[in-house]
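What follows is one structure encoded as structure tokens, with my remarks underneath.
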Amino acid sequence: MTTNSYMTHLECSKCGTVHDADTLQQLCRECAAPLLVRYDLQAAAAHLKKEDLLTRPASLWRYKELLPVREEQNIVSFGEGMTPIYTAPRSGAQAGVPNLYIKDEGILPTGTFKARGAAVGVSKALEVGVKTLGMPTNGNAGGAWALYAARAGIQSYIVMPENAPTITRNETAISGADLFLVNGVISDAGKIVGKAVAENGWYDASTLKEPYRIEGKKTMGYEIAEQFNWDVPDVILYPTGGGVGLIAIYKALLELQEMGWIGDKMPRLVSVQASGCAPIVKAWQEGKKESEFWPDSETIAFGVNVPKALGDFLVLEAVYSTNGCAIAIDDADTLRAQQTLANLDGAFICPEGASLYAAVEQLKRQGWLKAEEKVLMLNTGAGLKYPNTVQINPPLLQPGDDLLQ
Ligand SMILES: *Cc1c(COP(=O)(O)O)cnc(C)c1O
Ligand SMILES: [Zn+2]
């Protein structure tokens, strides 16, 4: 059965060159920039109605007409998508932003939003005949892609920094992927993968080097619009590493505007990074269109430890054109924020996501956020994937002891 995808072609994000959407593609053949998937949105809007969604399964595949997979049989899925949006009323009140919301990607398969990119990326890889893929990762993407690839029968070679969270190593390895550790950062892993891919003719599944991962991630934008009843929030904060999630949410909202499913209002997009790795923030502060490599990057928020993102210019474009901003957060503030959200609102989220709350506090203090605004934090993963960020020392009792003495 067909998905009735309205995909028409791939378009270079820099030079606009058109590429075929149904054969294996990586970067633009003219200028080596990322390719973006384009759809016939007029036709989609003419045939598809918002109400059609209501009877569909609560997964990202409810938007299948606006995704790149052509045949249902190629869909590789664990039911990912339609994550909850809940309020954080006490943390919000404490920060002076009572209408604070969290979209919680921590409940997805593999515990992070990387499942979205993997579901759509692996499905499309299967559809264009990929047998083997290679990928550099800070951990979460590797775990997700390795497991979805296993489900698709695709072999994967995954390279991650030696100090990536242990749990991501384990989930990658148990899938049967070939896992390698590198004594360096993700850019070092990327160089090693790039060489192996070129030598062996594998599919390069690096961030933005294949066009489809972003399509999976853009469903976060569709869901936000649908869950807010097509009346988008004022501000969306996103923890930015490679920046695909932010680029993708922006792409989704532009597509929905073109389809007439949402109005002209565009949320201000905030790119949040760690102080120990903040190339996008630096570029934004300097008014630049691209970032520079950030040397000796370091942060506990491992998913955002990306010293130079291939799609940096797209992240910056999304921030500039929505009147958003970019802000860097110290790890100490991130850890404090993680604790506040768990204490006050019971939300145990990952450090990347928690850094957004510290950003909300600072932006409110600076007057950039207004008290009445609807502010959405995009929590990218589960706190459970980072058990070591919580340091505790509970009292040890002997059998028969009194609890309170
Ligand atoms: C990968 C990752 C990020 C960064 O996502 P990008 O879209 O690549 O910027 C943020 N948080 C977590 C938990 C991640 O795994
Ligand atoms: Zn190009």
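In the structure tokens, chains take the letters A, B, ... in the order shown, each chain's residues start at 1, and ligands count up from 1 in the order shown.
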ask   = What's the 8 Å shell around Val270 (chain A), counting only C-alpha atoms, without same-chain residues fewer than 2 positions away, as an NGL selection string?
value = :A and (235-238 or 268 or 272 or 319 or 324-327)
- Name the residues of region 168-363 of chain A that come out as helix (DSSP H, G or I) in a backbone DSSP run; write them as a ChimeraX atom specification. /A:168-174,186-200,213-227,244-258,279-285,302-304,312-321,331-345,351-363
Excluding region 331-345 of chain A and residues on its chain fewer than 4 positions from it, collect all residues at most 9 Å away from it, counting only C-alpha atoms, and give them as a PDB file with all heavy atoms, in the first residue's frame.
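Below is the file around-v8.pdb, written as the result:
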ATOM      1  N   THR A  87       2.116  20.608  31.508  1.00  0.00           N
ATOM      2  CA  THR A  87       2.520  21.882  32.090  1.00  0.00           C
ATOM      3  C   THR A  87       3.532  21.644  33.210  1.00  0.00           C
ATOM      4  O   THR A  87       3.625  20.552  33.753  1.00  0.00           O
ATOM      5  CB  THR A  87       1.311  22.615  32.696  1.00  0.00           C
ATOM      6  OG1 THR A  87       0.715  21.731  33.651  1.00  0.00           O
ATOM      7  CG2 THR A  87       0.284  22.970  31.628  1.00  0.00           C
ATOM      8  N   ALA A  88       4.291  22.662  33.512  1.00  0.00           N
ATOM      9  CA  ALA A  88       5.211  22.624  34.656  1.00  0.00           C
ATOM     10  C   ALA A  88       4.871  23.833  35.515  1.00  0.00           C
ATOM     11  O   ALA A  88       5.618  24.819  35.562  1.00  0.00           O
ATOM     12  CB  ALA A  88       6.655  22.667  34.174  1.00  0.00           C
ATOM     13  N   PRO A  89       3.698  23.777  36.192  1.00  0.00           N
ATOM     14  CA  PRO A  89       3.164  25.003  36.808  1.00  0.00           C
ATOM     15  C   PRO A  89       4.024  25.572  37.930  1.00  0.00           C
ATOM     16  O   PRO A  89       4.200  26.789  38.019  1.00  0.00           O
ATOM     17  CB  PRO A  89       1.794  24.557  37.336  1.00  0.00           C
ATOM     18  CG  PRO A  89       1.828  23.065  37.384  1.00  0.00           C
ATOM     19  CD  PRO A  89       2.813  22.627  36.351  1.00  0.00           C
ATOM     20  N   ARG A  90       4.596  24.712  38.772  1.00  0.00           N
ATOM     21  CA  ARG A  90       5.366  25.270  39.899  1.00  0.00           C
ATOM     22  C   ARG A  90       6.709  25.812  39.421  1.00  0.00           C
ATOM     23  O   ARG A  90       7.125  26.886  39.821  1.00  0.00           O
ATOM     24  CB  ARG A  90       5.551  24.219  40.984  1.00  0.00           C
ATOM     25  CG  ARG A  90       4.226  23.819  41.627  1.00  0.00           C
ATOM     26  CD  ARG A  90       4.440  23.077  42.932  1.00  0.00           C
ATOM     27  NE  ARG A  90       3.181  22.492  43.395  1.00  0.00           N
ATOM     28  CZ  ARG A  90       2.784  21.257  43.111  1.00  0.00           C
ATOM     29  NH1 ARG A  90       3.545  20.447  42.385  1.00  0.00           N
ATOM     30  NH2 ARG A  90       1.624  20.817  43.550  1.00  0.00           N
ATOM     31  N   SER A  91       7.390  25.057  38.583  1.00  0.00           N
ATOM     32  CA  SER A  91       8.661  25.568  38.037  1.00  0.00           C
ATOM     33  C   SER A  91       8.407  26.835  37.234  1.00  0.00           C
ATOM     34  O   SER A  91       9.183  27.795  37.297  1.00  0.00           O
ATOM     35  CB  SER A  91       9.314  24.538  37.111  1.00  0.00           C
ATOM     36  OG  SER A  91       9.310  23.262  37.691  1.00  0.00           O
ATOM     37  N   ALA A 274      25.287  24.559  25.700  1.00  0.00           N
ATOM     38  CA  ALA A 274      26.039  24.531  26.958  1.00  0.00           C
ATOM     39  C   ALA A 274      27.208  25.509  26.852  1.00  0.00           C
ATOM     40  O   ALA A 274      27.800  25.651  25.784  1.00  0.00           O
ATOM     41  CB  ALA A 274      26.561  23.120  27.204  1.00  0.00           C
ATOM     42  N   SER A 275      27.540  26.167  27.961  1.00  0.00           N
ATOM     43  CA  SER A 275      28.639  27.144  27.936  1.00  0.00           C
ATOM     44  C   SER A 275      29.945  26.521  27.454  1.00  0.00           C
ATOM     45  O   SER A 275      30.783  27.209  26.879  1.00  0.00           O
ATOM     46  CB  SER A 275      28.866  27.740  29.325  1.00  0.00           C
ATOM     47  OG  SER A 275      27.678  28.289  29.801  1.00  0.00           O
ATOM     48  N   GLY A 276      30.094  25.211  27.689  1.00  0.00           N
ATOM     49  CA  GLY A 276      31.318  24.533  27.272  1.00  0.00           C
ATOM     50  C   GLY A 276      31.337  24.130  25.803  1.00  0.00           C
ATOM     51  O   GLY A 276      32.314  23.536  25.318  1.00  0.00           O
ATOM     52  N   THR A 299      30.781  19.282  28.066  1.00  0.00           N
ATOM     53  CA  THR A 299      29.554  19.499  28.838  1.00  0.00           C
ATOM     54  C   THR A 299      28.969  18.161  29.283  1.00  0.00           C
ATOM     55  O   THR A 299      29.172  17.145  28.614  1.00  0.00           O
ATOM     56  CB  THR A 299      28.486  20.282  28.031  1.00  0.00           C
ATOM     57  OG1 THR A 299      27.242  20.247  28.758  1.00  0.00           O
ATOM     58  CG2 THR A 299      28.247  19.666  26.662  1.00  0.00           C
ATOM     59  N   ILE A 300      28.238  18.181  30.401  1.00  0.00           N
ATOM     60  CA  ILE A 300      27.536  16.967  30.834  1.00  0.00           C
ATOM     61  C   ILE A 300      26.339  16.676  29.926  1.00  0.00           C
ATOM     62  O   ILE A 300      25.875  15.547  29.859  1.00  0.00           O
ATOM     63  CB  ILE A 300      26.999  17.093  32.284  1.00  0.00           C
ATOM     64  CG1 ILE A 300      26.277  18.435  32.450  1.00  0.00           C
ATOM     65  CG2 ILE A 300      28.095  16.931  33.307  1.00  0.00           C
ATOM     66  CD1 ILE A 300      25.210  18.398  33.494  1.00  0.00           C
ATOM     67  N   ALA A 301      25.859  17.721  29.246  1.00  0.00           N
ATOM     68  CA  ALA A 301      24.721  17.540  28.328  1.00  0.00           C
ATOM     69  C   ALA A 301      25.281  16.992  27.016  1.00  0.00           C
ATOM     70  O   ALA A 301      25.466  17.704  26.037  1.00  0.00           O
ATOM     71  CB  ALA A 301      23.998  18.862  28.118  1.00  0.00           C
ATOM     72  N   ILE A 349      13.922  14.951  33.677  1.00  0.00           N
ATOM     73  CA  ILE A 349      14.275  15.045  32.260  1.00  0.00           C
ATOM     74  C   ILE A 349      15.792  15.055  32.089  1.00  0.00           C
ATOM     75  O   ILE A 349      16.544  15.165  33.057  1.00  0.00           O
ATOM     76  CB  ILE A 349      13.612  16.266  31.588  1.00  0.00           C
ATOM     77  CG1 ILE A 349      14.166  17.588  32.103  1.00  0.00           C
ATOM     78  CG2 ILE A 349      12.093  16.228  31.804  1.00  0.00           C
ATOM     79  CD1 ILE A 349      13.563  18.811  31.417  1.00  0.00           C
ATOM     80  N   CYS A 350      16.245  14.917  30.861  1.00  0.00           N
ATOM     81  CA  CYS A 350      17.691  14.826  30.602  1.00  0.00           C
ATOM     82  C   CYS A 350      18.347  16.193  30.790  1.00  0.00           C
ATOM     83  O   CYS A 350      17.672  17.226  30.759  1.00  0.00           O
ATOM     84  CB  CYS A 350      17.927  14.289  29.189  1.00  0.00           C
ATOM     85  SG  CYS A 350      17.383  15.392  27.868  1.00  0.00           S
ATOM     86  N   PRO A 351      19.657  16.219  30.997  1.00  0.00           N
ATOM     87  CA  PRO A 351      20.323  17.516  31.190  1.00  0.00           C
ATOM     88  C   PRO A 351      20.141  18.467  30.008  1.00  0.00           C
ATOM     89  O   PRO A 351      19.975  19.677  30.215  1.00  0.00           O
ATOM     90  CB  PRO A 351      21.807  17.156  31.378  1.00  0.00           C
ATOM     91  CG  PRO A 351      21.925  15.680  31.272  1.00  0.00           C
ATOM     92  CD  PRO A 351      20.572  15.085  31.177  1.00  0.00           C
ATOM     93  N   GLU A 352      20.141  17.935  28.797  1.00  0.00           N
ATOM     94  CA  GLU A 352      19.932  18.806  27.618  1.00  0.00           C
ATOM     95  C   GLU A 352      18.605  19.552  27.770  1.00  0.00           C
ATOM     96  O   GLU A 352      18.528  20.765  27.579  1.00  0.00           O
ATOM     97  CB  GLU A 352      19.900  17.969  26.328  1.00  0.00           C
ATOM     98  CG  GLU A 352      21.227  17.328  25.938  1.00  0.00           C
ATOM     99  CD  GLU A 352      21.479  15.991  26.636  1.00  0.00           C
ATOM    100  OE1 GLU A 352      20.741  15.652  27.595  1.00  0.00           O
ATOM    101  OE2 GLU A 352      22.425  15.272  26.243  1.00  0.00           O
ATOM    102  N   GLY A 353      17.565  18.802  28.115  1.00  0.00           N
ATOM    103  CA  GLY A 353      16.243  19.410  28.277  1.00  0.00           C
ATOM    104  C   GLY A 353      16.202  20.349  29.475  1.00  0.00           C
ATOM    105  O   GLY A 353      15.599  21.420  29.419  1.00  0.00           O
ATOM    106  N   ALA A 354      16.859  19.954  30.553  1.00  0.00           N
ATOM    107  CA  ALA A 354      16.832  20.772  31.772  1.00  0.00           C
ATOM    108  C   ALA A 354      17.509  22.121  31.554  1.00  0.00           C
ATOM    109  O   ALA A 354      17.112  23.132  32.151  1.00  0.00           O
ATOM    110  CB  ALA A 354      17.505  20.016  32.916  1.00  0.00           C
ATOM    111  N   SER A 355      18.509  22.172  30.677  1.00  0.00           N
ATOM    112  CA  SER A 355      19.191  23.446  30.414  1.00  0.00           C
ATOM    113  C   SER A 355      18.193  24.492  29.910  1.00  0.00           C
ATOM    114  O   SER A 355      18.393  25.693  30.089  1.00  0.00           O
ATOM    115  CB  SER A 355      20.322  23.262  29.403  1.00  0.00           C
ATOM    116  OG  SER A 355      19.813  23.027  28.100  1.00  0.00           O
ATOM    117  N   LEU A 356      17.103  24.033  29.319  1.00  0.00           N
ATOM    118  CA  LEU A 356      16.098  24.968  28.801  1.00  0.00           C
ATOM    119  C   LEU A 356      15.428  25.732  29.929  1.00  0.00           C
ATOM    120  O   LEU A 356      15.061  26.898  29.768  1.00  0.00           O
ATOM    121  CB  LEU A 356      15.032  24.214  27.992  1.00  0.00           C
ATOM    122  CG  LEU A 356      15.539  23.329  26.855  1.00  0.00           C
ATOM    123  CD1 LEU A 356      14.361  22.649  26.169  1.00  0.00           C
ATOM    124  CD2 LEU A 356      16.340  24.137  25.850  1.00  0.00           C
ATOM    125  N   TYR A 357      15.257  25.073  31.071  1.00  0.00           N
ATOM    126  CA  TYR A 357      14.621  25.759  32.198  1.00  0.00           C
ATOM    127  C   TYR A 357      15.541  26.858  32.733  1.00  0.00           C
ATOM    128  O   TYR A 357      15.082  27.969  33.045  1.00  0.00           O
ATOM    129  CB  TYR A 357      14.243  24.774  33.299  1.00  0.00           C
ATOM    130  CG  TYR A 357      13.585  25.464  34.473  1.00  0.00           C
ATOM    131  CD1 TYR A 357      12.312  26.021  34.350  1.00  0.00           C
ATOM    132  CD2 TYR A 357      14.260  25.600  35.686  1.00  0.00           C
ATOM    133  CE1 TYR A 357      11.717  26.685  35.412  1.00  0.00           C
ATOM    134  CE2 TYR A 357      13.670  26.260  36.767  1.00  0.00           C
ATOM    135  CZ  TYR A 357      12.402  26.802  36.622  1.00  0.00           C
ATOM    136  OH  TYR A 357      11.818  27.467  37.664  1.00  0.00           O
ATOM    137  N   ALA A 358      16.821  26.569  32.806  1.00  0.00           N
ATOM    138  CA  ALA A 358      17.775  27.617  33.213  1.00  0.00           C
ATOM    139  C   ALA A 358      17.725  28.773  32.209  1.00  0.00           C
ATOM    140  O   ALA A 358      17.819  29.950  32.591  1.00  0.00           O
ATOM    141  CB  ALA A 358      19.187  27.036  33.313  1.00  0.00           C
ATOM    142  N   ALA A 359      17.547  28.448  30.938  1.00  0.00           N
ATOM    143  CA  ALA A 359      17.437  29.503  29.919  1.00  0.00           C
ATOM    144  C   ALA A 359      16.160  30.323  30.127  1.00  0.00           C
ATOM    145  O   ALA A 359      16.184  31.558  30.013  1.00  0.00           O
ATOM    146  CB  ALA A 359      17.455  28.889  28.521  1.00  0.00           C
ATOM    147  N   GLY A 383      15.526  11.564  31.726  1.00  0.00           N
ATOM    148  CA  GLY A 383      16.557  11.671  32.759  1.00  0.00           C
ATOM    149  C   GLY A 383      17.197  10.316  33.045  1.00  0.00           C
ATOM    150  O   GLY A 383      18.380  10.231  33.394  1.00  0.00           O
ATOM    151  N   THR A 389      24.099  11.916  36.408  1.00  0.00           N
ATOM    152  CA  THR A 389      23.982  13.347  36.697  1.00  0.00           C
ATOM    153  C   THR A 389      23.342  13.574  38.066  1.00  0.00           C
ATOM    154  O   THR A 389      23.297  14.691  38.549  1.00  0.00           O
ATOM    155  CB  THR A 389      23.120  14.081  35.643  1.00  0.00           C
ATOM    156  OG1 THR A 389      21.824  13.470  35.592  1.00  0.00           O
ATOM    157  CG2 THR A 389      23.760  14.035  34.280  1.00  0.00           C
ATOM    158  N   VAL A 390      22.825  12.509  38.674  1.00  0.00           N
ATOM    159  CA  VAL A 390      22.213  12.645  40.001  1.00  0.00           C
ATOM    160  C   VAL A 390      23.157  12.035  41.030  1.00  0.00           C
ATOM    161  O   VAL A 390      23.465  10.844  40.977  1.00  0.00           O
ATOM    162  CB  VAL A 390      20.850  11.921  40.050  1.00  0.00           C
ATOM    163  CG1 VAL A 390      20.172  12.172  41.387  1.00  0.00           C
ATOM    164  CG2 VAL A 390      19.956  12.380  38.905  1.00  0.00           C
TER     165      VAL A 390
END
Counting only C-alpha atoms and all ligand atoms, the residue among A:Leu24, A:Ile85, A:Ile392, A:Met220 that lies closest to ligand 1 is A:Met220
- Give the residue list for ligand 2 at 10 Å, counting only C-alpha atoms and all ligand atoms, as a PyMOL selection string, sorted by chain and then by residue number. chain A and resi 11-19+27-35
Could you write out the selected residues, including N, CA and C atoms, as an mmCIF file, in the first residue's frame?
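Ended up saving to again-v3.cif:
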data_model
loop_
_atom_site.group_PDB
_atom_site.id
_atom_site.type_symbol
_atom_site.label_atom_id
_atom_site.label_comp_id
_atom_site.auth_asym_id
_atom_site.auth_seq_id
_atom_site.Cartn_x
_atom_site.Cartn_y
_atom_site.Cartn_z
ATOM 1 N N GLU A 11 15.878 19.400 -2.411
ATOM 2 C CA GLU A 11 16.400 20.699 -2.826
ATOM 3 C C GLU A 11 17.584 21.069 -1.956
ATOM 4 N N CYS A 12 18.650 21.543 -2.597
ATOM 5 C CA CYS A 12 19.832 21.936 -1.815
ATOM 6 C C CYS A 12 19.507 23.154 -0.958
ATOM 7 N N SER A 13 19.906 23.091 0.319
ATOM 8 C CA SER A 13 19.605 24.176 1.254
ATOM 9 C C SER A 13 20.457 25.410 0.980
ATOM 10 N N LYS A 14 21.525 25.267 0.158
ATOM 11 C CA LYS A 14 22.371 26.435 -0.141
ATOM 12 C C LYS A 14 22.165 26.941 -1.557
ATOM 13 N N CYS A 15 22.316 26.026 -2.556
ATOM 14 C CA CYS A 15 22.307 26.506 -3.950
ATOM 15 C C CYS A 15 21.008 26.191 -4.679
ATOM 16 N N GLY A 16 20.119 25.436 -4.029
ATOM 17 C CA GLY A 16 18.798 25.201 -4.631
ATOM 18 C C GLY A 16 18.748 24.096 -5.680
ATOM 19 N N THR A 17 19.881 23.478 -6.000
ATOM 20 C CA THR A 17 19.876 22.400 -7.012
ATOM 21 C C THR A 17 18.899 21.290 -6.627
ATOM 22 N N VAL A 18 18.133 20.846 -7.620
ATOM 23 C CA VAL A 18 17.119 19.816 -7.396
ATOM 24 C C VAL A 18 17.742 18.429 -7.558
ATOM 25 N N HIS A 19 17.395 17.537 -6.641
ATOM 26 C CA HIS A 19 17.879 16.149 -6.696
ATOM 27 C C HIS A 19 16.682 15.211 -6.654
ATOM 28 N N LEU A 27 24.797 14.448 0.260
ATOM 29 C CA LEU A 27 24.826 15.915 0.219
ATOM 30 C C LEU A 27 24.624 16.388 -1.221
ATOM 31 N N CYS A 28 24.457 17.716 -1.406
ATOM 32 C CA CYS A 28 24.282 18.286 -2.745
ATOM 33 C C CYS A 28 25.485 17.955 -3.617
ATOM 34 N N ARG A 29 25.210 17.466 -4.842
ATOM 35 C CA ARG A 29 26.318 17.085 -5.728
ATOM 36 C C ARG A 29 27.055 18.309 -6.244
ATOM 37 N N GLU A 30 26.447 19.504 -6.161
ATOM 38 C CA GLU A 30 27.091 20.722 -6.642
ATOM 39 C C GLU A 30 27.927 21.402 -5.561
ATOM 40 N N CYS A 31 27.394 21.479 -4.334
ATOM 41 C CA CYS A 31 28.072 22.316 -3.328
ATOM 42 C C CYS A 31 28.223 21.630 -1.972
ATOM 43 N N ALA A 32 27.833 20.351 -1.870
ATOM 44 C CA ALA A 32 28.024 19.568 -0.644
ATOM 45 C C ALA A 32 27.293 20.117 0.585
ATOM 46 N N ALA A 33 26.209 20.842 0.364
ATOM 47 C CA ALA A 33 25.374 21.296 1.489
ATOM 48 C C ALA A 33 24.239 20.278 1.700
ATOM 49 N N PRO A 34 23.573 20.321 2.866
ATOM 50 C CA PRO A 34 22.469 19.392 3.124
ATOM 51 C C PRO A 34 21.303 19.579 2.146
ATOM 52 N N LEU A 35 20.633 18.477 1.850
ATOM 53 C CA LEU A 35 19.447 18.498 0.987
ATOM 54 C C LEU A 35 18.193 18.474 1.851
#
With distances taken over only C-alpha atoms and all ligand atoms, the candidate from A:Leu403, A:Val375, A:Ala44, A:Ala141 nearest ligand 1 is A:Ala141
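Minimum atom-to-atom distance to Ala205 (chain A), evaluated using only C-alpha atoms, belongs to A:Gly190 out of A:Gly190, A:Gly346, A:Gly92, A:Pro395.
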